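Participant: Dropping in entry.pdb, with PDB, C-alpha atoms, pLDDT in the B column.
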ATOM      1  CA  MET A 232       0.000   0.000   0.000  1.00 88.00           C
ATOM      2  CA  PRO A 233       1.427   3.419  -0.890  1.00 92.00           C
ATOM      3  CA  ALA A 234       2.696   5.542   1.991  1.00 90.00           C
ATOM      4  CA  LYS A 235       0.388   8.353   0.867  1.00 95.00           C
ATOM      5  CA  THR A 236      -2.630   6.075   1.327  1.00 95.00           C
ATOM      6  CA  ILE A 237      -1.449   5.026   4.767  1.00 94.00           C
ATOM      7  CA  ARG A 238      -1.017   8.692   5.753  1.00 93.00           C
ATOM      8  CA  TYR A 239      -4.518   9.439   4.448  1.00 95.00           C
ATOM      9  CA  TYR A 240      -6.009   6.547   6.442  1.00 96.00           C
ATOM     10  CA  GLU A 241      -4.173   7.846   9.491  1.00 93.00           C
ATOM     11  CA  ASP A 242      -5.367  11.432   8.886  1.00 94.00           C
ATOM     12  CA  ILE A 243      -9.016  10.324   8.726  1.00 95.00           C
ATOM     13  CA  GLY A 244      -8.670   8.037  11.744  1.00 93.00           C
ATOM     14  CA  LEU A 245      -8.962   4.618  10.134  1.00 94.00           C
ATOM     15  CA  VAL A 246      -5.587   3.547  11.528  1.00 93.00           C
ATOM     16  CA  ARG A 247      -3.678   4.950  14.473  1.00 90.00           C
ATOM     17  CA  PRO A 248      -0.153   3.589  14.536  1.00 90.00           C
ATOM     18  CA  LEU A 249       2.052   4.382  17.486  1.00 90.00           C
ATOM     19  CA  ARG A 250       4.703   7.060  17.060  1.00 88.00           C
ATOM     20  CA  SER A 251       8.291   6.632  18.145  1.00 87.00           C
ATOM     21  CA  ASP A 252      10.155   9.435  19.930  1.00 86.00           C
ATOM     22  CA  ASN A 253      11.569  10.584  16.592  1.00 89.00           C
ATOM     23  CA  GLY A 254       8.083  10.705  15.005  1.00 85.00           C
ATOM     24  CA  TYR A 255       8.269   7.544  12.924  1.00 88.00           C
ATOM     25  CA  ARG A 256       5.213   5.346  12.726  1.00 88.00           C
ATOM     26  CA  ALA A 257       5.457   2.097  14.631  1.00 90.00           C
ATOM     27  CA  PHE A 258       2.968  -0.323  13.139  1.00 91.00           C
ATOM     28  CA  ARG A 259       1.620  -3.051  15.363  1.00 93.00           C
ATOM     29  CA  ASP A 260       0.341  -6.317  13.937  1.00 95.00           C
ATOM     30  CA  SER A 261      -3.198  -5.004  14.435  1.00 93.00           C
ATOM     31  CA  ASP A 262      -2.380  -1.907  12.330  1.00 93.00           C
ATOM     32  CA  ILE A 263      -0.982  -4.059   9.534  1.00 95.00           C
ATOM     33  CA  HIS A 264      -4.066  -6.260   9.690  1.00 95.00           C
ATOM     34  CA  LYS A 265      -6.339  -3.171   9.479  1.00 95.00           C
ATOM     35  CA  LEU A 266      -4.413  -1.891   6.465  1.00 96.00           C
ATOM     36  CA  ALA A 267      -4.772  -5.268   4.742  1.00 96.00           C
ATOM     37  CA  PHE A 268      -8.490  -5.289   5.596  1.00 97.00           C
ATOM     38  CA  LEU A 269      -8.926  -1.784   4.179  1.00 97.00           C
ATOM     39  CA  GLY A 270      -6.932  -2.640   1.064  1.00 96.00           C
ATOM     40  CA  ARG A 271      -9.106  -5.669   0.403  1.00 97.00           C
ATOM     41  CA  ALA A 272     -12.316  -3.706   1.006  1.00 97.00           C
ATOM     42  CA  ARG A 273     -11.154  -0.979  -1.386  1.00 97.00           C
ATOM     43  CA  THR A 274     -10.429  -3.577  -4.099  1.00 97.00           C
ATOM     44  CA  PHE A 275     -14.121  -4.462  -3.887  1.00 97.00           C
ATOM     45  CA  GLY A 276     -14.906  -0.786  -4.424  1.00 97.00           C
ATOM     46  CA  PHE A 277     -16.226   0.016  -0.970  1.00 98.00           C
ATOM     47  CA  SER A 278     -16.175   3.728  -0.186  1.00 96.00           C
ATOM     48  CA  ILE A 279     -14.103   5.098   2.659  1.00 96.00           C
ATOM     49  CA  GLU A 280     -17.239   5.457   4.770  1.00 97.00           C
ATOM     50  CA  ASP A 281     -18.256   1.874   3.981  1.00 97.00           C
ATOM     51  CA  CYS A 282     -14.728   0.794   4.934  1.00 97.00           C
ATOM     52  CA  ARG A 283     -15.061   2.647   8.222  1.00 97.00           C
ATOM     53  CA  THR A 284     -18.390   0.945   8.889  1.00 97.00           C
ATOM     54  CA  LEU A 285     -17.075  -2.490   7.942  1.00 97.00           C
ATOM     55  CA  LEU A 286     -13.969  -2.028  10.062  1.00 96.00           C
ATOM     56  CA  ASP A 287     -16.104  -0.972  13.032  1.00 96.00           C
ATOM     57  CA  LEU A 288     -18.303  -4.030  12.512  1.00 97.00           C
ATOM     58  CA  TYR A 289     -15.260  -6.272  12.171  1.00 96.00           C
ATOM     59  CA  GLU A 290     -13.904  -5.027  15.485  1.00 94.00           C
ATOM     60  CA  ASP A 291     -17.297  -5.290  17.244  1.00 96.00           C
ATOM     61  CA  GLU A 292     -17.630  -8.794  18.624  1.00 95.00           C
ATOM     62  CA  THR A 293     -21.353  -8.175  19.317  1.00 96.00           C
ATOM     63  CA  ARG A 294     -22.103  -7.377  15.658  1.00 96.00           C
ATOM     64  CA  GLU A 295     -24.738  -9.266  13.741  1.00 97.00           C
ATOM     65  CA  SER A 296     -23.840 -10.575  10.323  1.00 97.00           C
ATOM     66  CA  ALA A 297     -27.070  -8.980   9.079  1.00 98.00           C
ATOM     67  CA  GLN A 298     -25.442  -5.575   9.621  1.00 97.00           C
ATOM     68  CA  VAL A 299     -22.462  -6.540   7.476  1.00 97.00           C
ATOM     69  CA  LYS A 300     -24.706  -8.075   4.836  1.00 98.00           C
ATOM     70  CA  ALA A 301     -26.772  -4.880   4.634  1.00 98.00           C
ATOM     71  CA  VAL A 302     -23.649  -2.797   3.892  1.00 98.00           C
ATOM     72  CA  ALA A 303     -22.508  -5.316   1.280  1.00 98.00           C
ATOM     73  CA  GLN A 304     -25.965  -5.537  -0.323  1.00 98.00           C
ATOM     74  CA  GLU A 305     -26.190  -1.760  -0.621  1.00 98.00           C
ATOM     75  CA  HIS A 306     -22.777  -1.686  -2.281  1.00 98.00           C
ATOM     76  CA  LEU A 307     -23.695  -4.594  -4.560  1.00 98.00           C
ATOM     77  CA  ALA A 308     -26.800  -2.706  -5.699  1.00 98.00           C
ATOM     78  CA  ALA A 309     -24.645   0.321  -6.534  1.00 97.00           C
ATOM     79  CA  VAL A 310     -22.215  -1.910  -8.463  1.00 97.00           C
ATOM     80  CA  ASP A 311     -25.112  -3.475 -10.386  1.00 98.00           C
ATOM     81  CA  GLU A 312     -26.444  -0.011 -11.240  1.00 98.00           C
ATOM     82  CA  LYS A 313     -23.022   1.082 -12.485  1.00 97.00           C
ATOM     83  CA  ILE A 314     -22.693  -2.074 -14.592  1.00 97.00           C
ATOM     84  CA  ALA A 315     -26.100  -1.391 -16.159  1.00 97.00           C
ATOM     85  CA  GLN A 316     -25.018   2.169 -16.964  1.00 98.00           C
ATOM     86  CA  LEU A 317     -21.763   0.931 -18.490  1.00 98.00           C
ATOM     87  CA  LYS A 318     -23.588  -1.699 -20.578  1.00 98.00           C
ATOM     88  CA  SER A 319     -25.921   0.963 -21.933  1.00 96.00           C
ATOM     89  CA  MET A 320     -22.978   3.249 -22.670  1.00 96.00           C
ATOM     90  CA  ARG A 321     -21.166   0.443 -24.428  1.00 97.00           C
ATOM     91  CA  GLU A 322     -24.165  -0.487 -26.571  1.00 97.00           C
ATOM     92  CA  THR A 323     -24.670   3.122 -27.676  1.00 94.00           C
ATOM     93  CA  LEU A 324     -20.982   3.637 -28.394  1.00 95.00           C
ATOM     94  CA  ALA A 325     -20.726   0.330 -30.276  1.00 97.00           C
ATOM     95  CA  HIS A 326     -23.705   1.361 -32.419  1.00 96.00           C
ATOM     96  CA  LEU A 327     -22.058   4.717 -33.211  1.00 95.00           C
ATOM     97  CA  VAL A 328     -18.720   3.078 -34.023  1.00 96.00           C
ATOM     98  CA  ASP A 329     -20.467   0.621 -36.346  1.00 95.00           C
ATOM     99  CA  ALA A 330     -22.347   3.488 -38.029  1.00 94.00           C
ATOM    100  CA  CYS A 331     -19.170   5.502 -38.669  1.00 94.00           C
ATOM    101  CA  GLN A 332     -17.569   4.722 -42.017  1.00 92.00           C
ATOM    102  CA  GLY A 333     -14.138   5.676 -40.752  1.00 91.00           C
ATOM    103  CA  ASP A 334     -12.965   6.749 -44.179  1.00 92.00           C
ATOM    104  CA  HIS A 335     -11.885   9.971 -45.899  1.00 93.00           C
ATOM    105  CA  ARG A 336     -15.344  11.576 -45.691  1.00 90.00           C
ATOM    106  CA  PRO A 337     -16.012  14.201 -43.002  1.00 92.00           C
ATOM    107  CA  ASP A 338     -19.454  12.788 -42.127  1.00 92.00           C
ATOM    108  CA  CYS A 339     -19.278  11.094 -38.732  1.00 94.00           C
ATOM    109  CA  PRO A 340     -22.259   9.837 -36.689  1.00 93.00           C
ATOM    110  CA  ILE A 341     -20.137   9.812 -33.541  1.00 95.00           C
ATOM    111  CA  LEU A 342     -19.569  13.563 -33.717  1.00 95.00           C
ATOM    112  CA  LYS A 343     -23.205  14.183 -34.683  1.00 93.00           C
ATOM    113  CA  ASP A 344     -24.374  12.292 -31.631  1.00 94.00           C
ATOM    114  CA  LEU A 345     -21.963  14.121 -29.329  1.00 93.00           C
ATOM    115  CA  ALA A 346     -23.189  17.460 -30.704  1.00 95.00           C
ATOM    116  CA  LYS A 347     -26.855  16.698 -29.902  1.00 91.00           C
ATOM    117  CA  ASP A 348     -28.625  18.885 -27.397  1.00 84.00           C
ATOM    118  CA  PRO A 349     -29.139  16.966 -24.124  1.00 77.00           C
TER     119      PRO A 349
END
Go ahead and express the file in the form of C-alpha cells.
Facilitator:
Amino acid sequence: MPAKTIRYYEDIGLVRPLRSDNGYRAFRDSDIHKLAFLGRARTFGFSIEDCRTLLDLYEDETRESAQVKAVAQEHLAAVDEKIAQLKSMRETLAHLVDACQGDHRPDCPILKDLAKDP
C-alpha cells in the first residue's frame, strides 16, 4: 500500500499507529491487519465510509452478520447499477462506431451524436 494512502487513512482516523520518539510510525500487527483489511475492502470498491463501517463491525464482537450483509448488499446494488449504466454506454458507443464509415469523408455519426442537445 502506498505511503500516501497510509497517511490518508491515518489522517481520517482509520488507523492509528504508534509514534516513536523521533516521530516515525510504529505499526503493530493489528495496524498491519487493518491496512490489509482496508486494502481488500477498497479492491471491492467500498467507499471510505463503507470501509469505516465495515472495520467498526469487524472489530465489534457483538455485531450481527445482518449488519455486514446490509452494507454489502447496498454496495452490490450500486455496483449493479453502475454495470447497467456501463452496458448501456457500451451499446450506444458500439452502435455509433459501427455506423461511422471511418474513411476519408467528413461525415461522422459519432460527432453528430456528441453534438446533440441533451
Participant: List, as a VMD selection string, every residue that the PyMOL selection byres ((chain A and resi 279) around 12) selects in the file provided.
Facilitator: chain A and resid 236 239 to 240 243 to 245 269 to 270 272 to 278 280 to 286
Participant: In the coordinates of the file, take the point (-3.5, 6.2, 11.9) and a cut-off of 12 Å; then, counting all atoms listed in the file, name each qualifying protein, DNA or RNA residue as a list in words.
Facilitator: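 The residues that fall inside the cut-off are Ala234, Lys235, Thr236, Ile237, Arg238, Tyr239, Tyr240, Glu241, Asp242, Ile243, Gly244, Leu245, Val246, Arg247, Pro248, Leu249, Arg250, Tyr255, Arg256, Ala257, Phe258, Arg259, Ser261, Asp262, Ile263, Lys265 and Leu266 of chain A.
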Participant: Tell me, in Å to one decimal, how far CA of Pro340 in chain A is from CA of Ile314 in chain A.
Facilitator: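 Going from CA of Pro340 in chain A over to CA of Ile314 in chain A covers 25.1 Å.
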Participant: What does the distance between CA of His264 in chain A and CA of Asp287 in chain A come to in Å, to one decimal place?
Facilitator: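 Computing the Euclidean distance for CA of His264 in chain A and CA of Asp287 in chain A yields 13.6 Å.
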Participant: What does the distance between CA of Tyr289 in chain A and CA of Ala301 in chain A come to in Å, to one decimal place?
Facilitator: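 Distance reported for this atom pair: 13.8 Å.
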Participant: Write out as a list in words each polymer residue whose atoms come within 12 Å of Ala330 in chain A, counting all atoms listed in the file; drop sequence neighbours fewer than 3 positions from it.
Facilitator: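 Result of the neighbour search: Thr323, Leu324, Ala325, His326, Leu327, Gly333, Asp334, Asp338, Cys339, Pro340, Ile341, Leu342, Lys343 and Asp344 of chain A.
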Participant: Just add N, CA and C atoms to range 265-299 of chain A and send it as a PDB file, in the frame of the given file.
Facilitator:
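Saved as result19.pdb:
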ATOM      1  N   LYS A 265      -5.328  -4.168   9.886  1.00 95.00           N
ATOM      2  CA  LYS A 265      -6.339  -3.171   9.479  1.00 95.00           C
ATOM      3  C   LYS A 265      -6.043  -2.658   8.064  1.00 95.00           C
ATOM      4  N   LEU A 266      -4.777  -2.383   7.793  1.00 96.00           N
ATOM      5  CA  LEU A 266      -4.413  -1.891   6.465  1.00 96.00           C
ATOM      6  C   LEU A 266      -4.721  -2.939   5.397  1.00 96.00           C
ATOM      7  N   ALA A 267      -4.447  -4.194   5.695  1.00 96.00           N
ATOM      8  CA  ALA A 267      -4.772  -5.268   4.742  1.00 96.00           C
ATOM      9  C   ALA A 267      -6.285  -5.365   4.550  1.00 96.00           C
ATOM     10  N   PHE A 268      -7.029  -5.265   5.646  1.00 97.00           N
ATOM     11  CA  PHE A 268      -8.490  -5.289   5.596  1.00 97.00           C
ATOM     12  C   PHE A 268      -9.018  -4.155   4.712  1.00 97.00           C
ATOM     13  N   LEU A 269      -8.502  -2.951   4.945  1.00 97.00           N
ATOM     14  CA  LEU A 269      -8.926  -1.784   4.179  1.00 97.00           C
ATOM     15  C   LEU A 269      -8.549  -1.926   2.703  1.00 97.00           C
ATOM     16  N   GLY A 270      -7.353  -2.430   2.449  1.00 96.00           N
ATOM     17  CA  GLY A 270      -6.932  -2.640   1.064  1.00 96.00           C
ATOM     18  C   GLY A 270      -7.846  -3.605   0.339  1.00 96.00           C
ATOM     19  N   ARG A 271      -8.209  -4.673   1.008  1.00 97.00           N
ATOM     20  CA  ARG A 271      -9.106  -5.669   0.403  1.00 97.00           C
ATOM     21  C   ARG A 271     -10.492  -5.063   0.171  1.00 97.00           C
ATOM     22  N   ALA A 272     -10.995  -4.336   1.147  1.00 97.00           N
ATOM     23  CA  ALA A 272     -12.316  -3.706   1.006  1.00 97.00           C
ATOM     24  C   ALA A 272     -12.315  -2.712  -0.157  1.00 97.00           C
ATOM     25  N   ARG A 273     -11.235  -1.960  -0.295  1.00 97.00           N
ATOM     26  CA  ARG A 273     -11.154  -0.979  -1.386  1.00 97.00           C
ATOM     27  C   ARG A 273     -11.080  -1.673  -2.746  1.00 97.00           C
ATOM     28  N   THR A 274     -10.466  -2.867  -2.814  1.00 97.00           N
ATOM     29  CA  THR A 274     -10.429  -3.577  -4.099  1.00 97.00           C
ATOM     30  C   THR A 274     -11.826  -4.007  -4.529  1.00 97.00           C
ATOM     31  N   PHE A 275     -12.726  -4.158  -3.564  1.00 97.00           N
ATOM     32  CA  PHE A 275     -14.121  -4.462  -3.887  1.00 97.00           C
ATOM     33  C   PHE A 275     -14.919  -3.190  -4.181  1.00 97.00           C
ATOM     34  N   GLY A 276     -14.256  -2.045  -4.078  1.00 97.00           N
ATOM     35  CA  GLY A 276     -14.906  -0.786  -4.424  1.00 97.00           C
ATOM     36  C   GLY A 276     -15.672  -0.129  -3.297  1.00 97.00           C
ATOM     37  N   PHE A 277     -15.529  -0.625  -2.084  1.00 98.00           N
ATOM     38  CA  PHE A 277     -16.226   0.016  -0.970  1.00 98.00           C
ATOM     39  C   PHE A 277     -15.680   1.424  -0.768  1.00 98.00           C
ATOM     40  N   SER A 278     -16.572   2.347  -0.461  1.00 96.00           N
ATOM     41  CA  SER A 278     -16.175   3.728  -0.186  1.00 96.00           C
ATOM     42  C   SER A 278     -15.417   3.786   1.138  1.00 96.00           C
ATOM     43  N   ILE A 279     -14.798   4.911   1.386  1.00 96.00           N
ATOM     44  CA  ILE A 279     -14.103   5.098   2.659  1.00 96.00           C
ATOM     45  C   ILE A 279     -15.072   4.968   3.827  1.00 96.00           C
ATOM     46  N   GLU A 280     -16.253   5.554   3.686  1.00 97.00           N
ATOM     47  CA  GLU A 280     -17.239   5.457   4.770  1.00 97.00           C
ATOM     48  C   GLU A 280     -17.713   4.021   4.958  1.00 97.00           C
ATOM     49  N   ASP A 281     -17.908   3.290   3.852  1.00 97.00           N
ATOM     50  CA  ASP A 281     -18.256   1.874   3.981  1.00 97.00           C
ATOM     51  C   ASP A 281     -17.123   1.112   4.660  1.00 97.00           C
ATOM     52  N   CYS A 282     -15.885   1.436   4.304  1.00 97.00           N
ATOM     53  CA  CYS A 282     -14.728   0.794   4.934  1.00 97.00           C
ATOM     54  C   CYS A 282     -14.719   1.061   6.426  1.00 97.00           C
ATOM     55  N   ARG A 283     -15.011   2.292   6.799  1.00 97.00           N
ATOM     56  CA  ARG A 283     -15.061   2.647   8.222  1.00 97.00           C
ATOM     57  C   ARG A 283     -16.138   1.813   8.930  1.00 97.00           C
ATOM     58  N   THR A 284     -17.302   1.725   8.310  1.00 97.00           N
ATOM     59  CA  THR A 284     -18.390   0.945   8.889  1.00 97.00           C
ATOM     60  C   THR A 284     -18.017  -0.522   8.996  1.00 97.00           C
ATOM     61  N   LEU A 285     -17.458  -1.079   7.926  1.00 97.00           N
ATOM     62  CA  LEU A 285     -17.075  -2.490   7.942  1.00 97.00           C
ATOM     63  C   LEU A 285     -15.981  -2.763   8.963  1.00 97.00           C
ATOM     64  N   LEU A 286     -15.038  -1.863   9.079  1.00 96.00           N
ATOM     65  CA  LEU A 286     -13.969  -2.028  10.062  1.00 96.00           C
ATOM     66  C   LEU A 286     -14.535  -1.975  11.480  1.00 96.00           C
ATOM     67  N   ASP A 287     -15.454  -1.045  11.719  1.00 96.00           N
ATOM     68  CA  ASP A 287     -16.104  -0.972  13.032  1.00 96.00           C
ATOM     69  C   ASP A 287     -16.862  -2.270  13.328  1.00 96.00           C
ATOM     70  N   LEU A 288     -17.570  -2.775  12.327  1.00 97.00           N
ATOM     71  CA  LEU A 288     -18.303  -4.030  12.512  1.00 97.00           C
ATOM     72  C   LEU A 288     -17.344  -5.190  12.752  1.00 97.00           C
ATOM     73  N   TYR A 289     -16.254  -5.208  12.015  1.00 96.00           N
ATOM     74  CA  TYR A 289     -15.260  -6.272  12.171  1.00 96.00           C
ATOM     75  C   TYR A 289     -14.708  -6.301  13.601  1.00 96.00           C
ATOM     76  N   GLU A 290     -14.486  -5.121  14.148  1.00 94.00           N
ATOM     77  CA  GLU A 290     -13.904  -5.027  15.485  1.00 94.00           C
ATOM     78  C   GLU A 290     -14.936  -5.180  16.604  1.00 94.00           C
ATOM     79  N   ASP A 291     -16.216  -5.164  16.261  1.00 96.00           N
ATOM     80  CA  ASP A 291     -17.297  -5.290  17.244  1.00 96.00           C
ATOM     81  C   ASP A 291     -17.698  -6.754  17.356  1.00 96.00           C
ATOM     82  N   GLU A 292     -17.331  -7.368  18.450  1.00 95.00           N
ATOM     83  CA  GLU A 292     -17.630  -8.794  18.624  1.00 95.00           C
ATOM     84  C   GLU A 292     -19.118  -9.050  18.848  1.00 95.00           C
ATOM     85  N   THR A 293     -19.908  -7.999  19.110  1.00 96.00           N
ATOM     86  CA  THR A 293     -21.353  -8.175  19.317  1.00 96.00           C
ATOM     87  C   THR A 293     -22.145  -7.911  18.035  1.00 96.00           C
ATOM     88  N   ARG A 294     -21.427  -7.682  16.921  1.00 96.00           N
ATOM     89  CA  ARG A 294     -22.103  -7.377  15.658  1.00 96.00           C
ATOM     90  C   ARG A 294     -22.979  -8.547  15.229  1.00 96.00           C
ATOM     91  N   GLU A 295     -23.931  -8.235  14.394  1.00 97.00           N
ATOM     92  CA  GLU A 295     -24.738  -9.266  13.741  1.00 97.00           C
ATOM     93  C   GLU A 295     -24.334  -9.293  12.285  1.00 97.00           C
ATOM     94  N   SER A 296     -24.249 -10.474  11.726  1.00 97.00           N
ATOM     95  CA  SER A 296     -23.840 -10.575  10.323  1.00 97.00           C
ATOM     96  C   SER A 296     -24.832  -9.860   9.411  1.00 97.00           C
ATOM     97  N   ALA A 297     -26.066  -9.700   9.872  1.00 98.00           N
ATOM     98  CA  ALA A 297     -27.070  -8.980   9.079  1.00 98.00           C
ATOM     99  C   ALA A 297     -26.639  -7.540   8.835  1.00 98.00           C
ATOM    100  N   GLN A 298     -25.928  -6.950   9.789  1.00 97.00           N
ATOM    101  CA  GLN A 298     -25.442  -5.575   9.621  1.00 97.00           C
ATOM    102  C   GLN A 298     -24.399  -5.512   8.502  1.00 97.00           C
ATOM    103  N   VAL A 299     -23.507  -6.483   8.500  1.00 97.00           N
ATOM    104  CA  VAL A 299     -22.462  -6.540   7.476  1.00 97.00           C
ATOM    105  C   VAL A 299     -23.099  -6.803   6.115  1.00 97.00           C
TER     106      VAL A 299
END
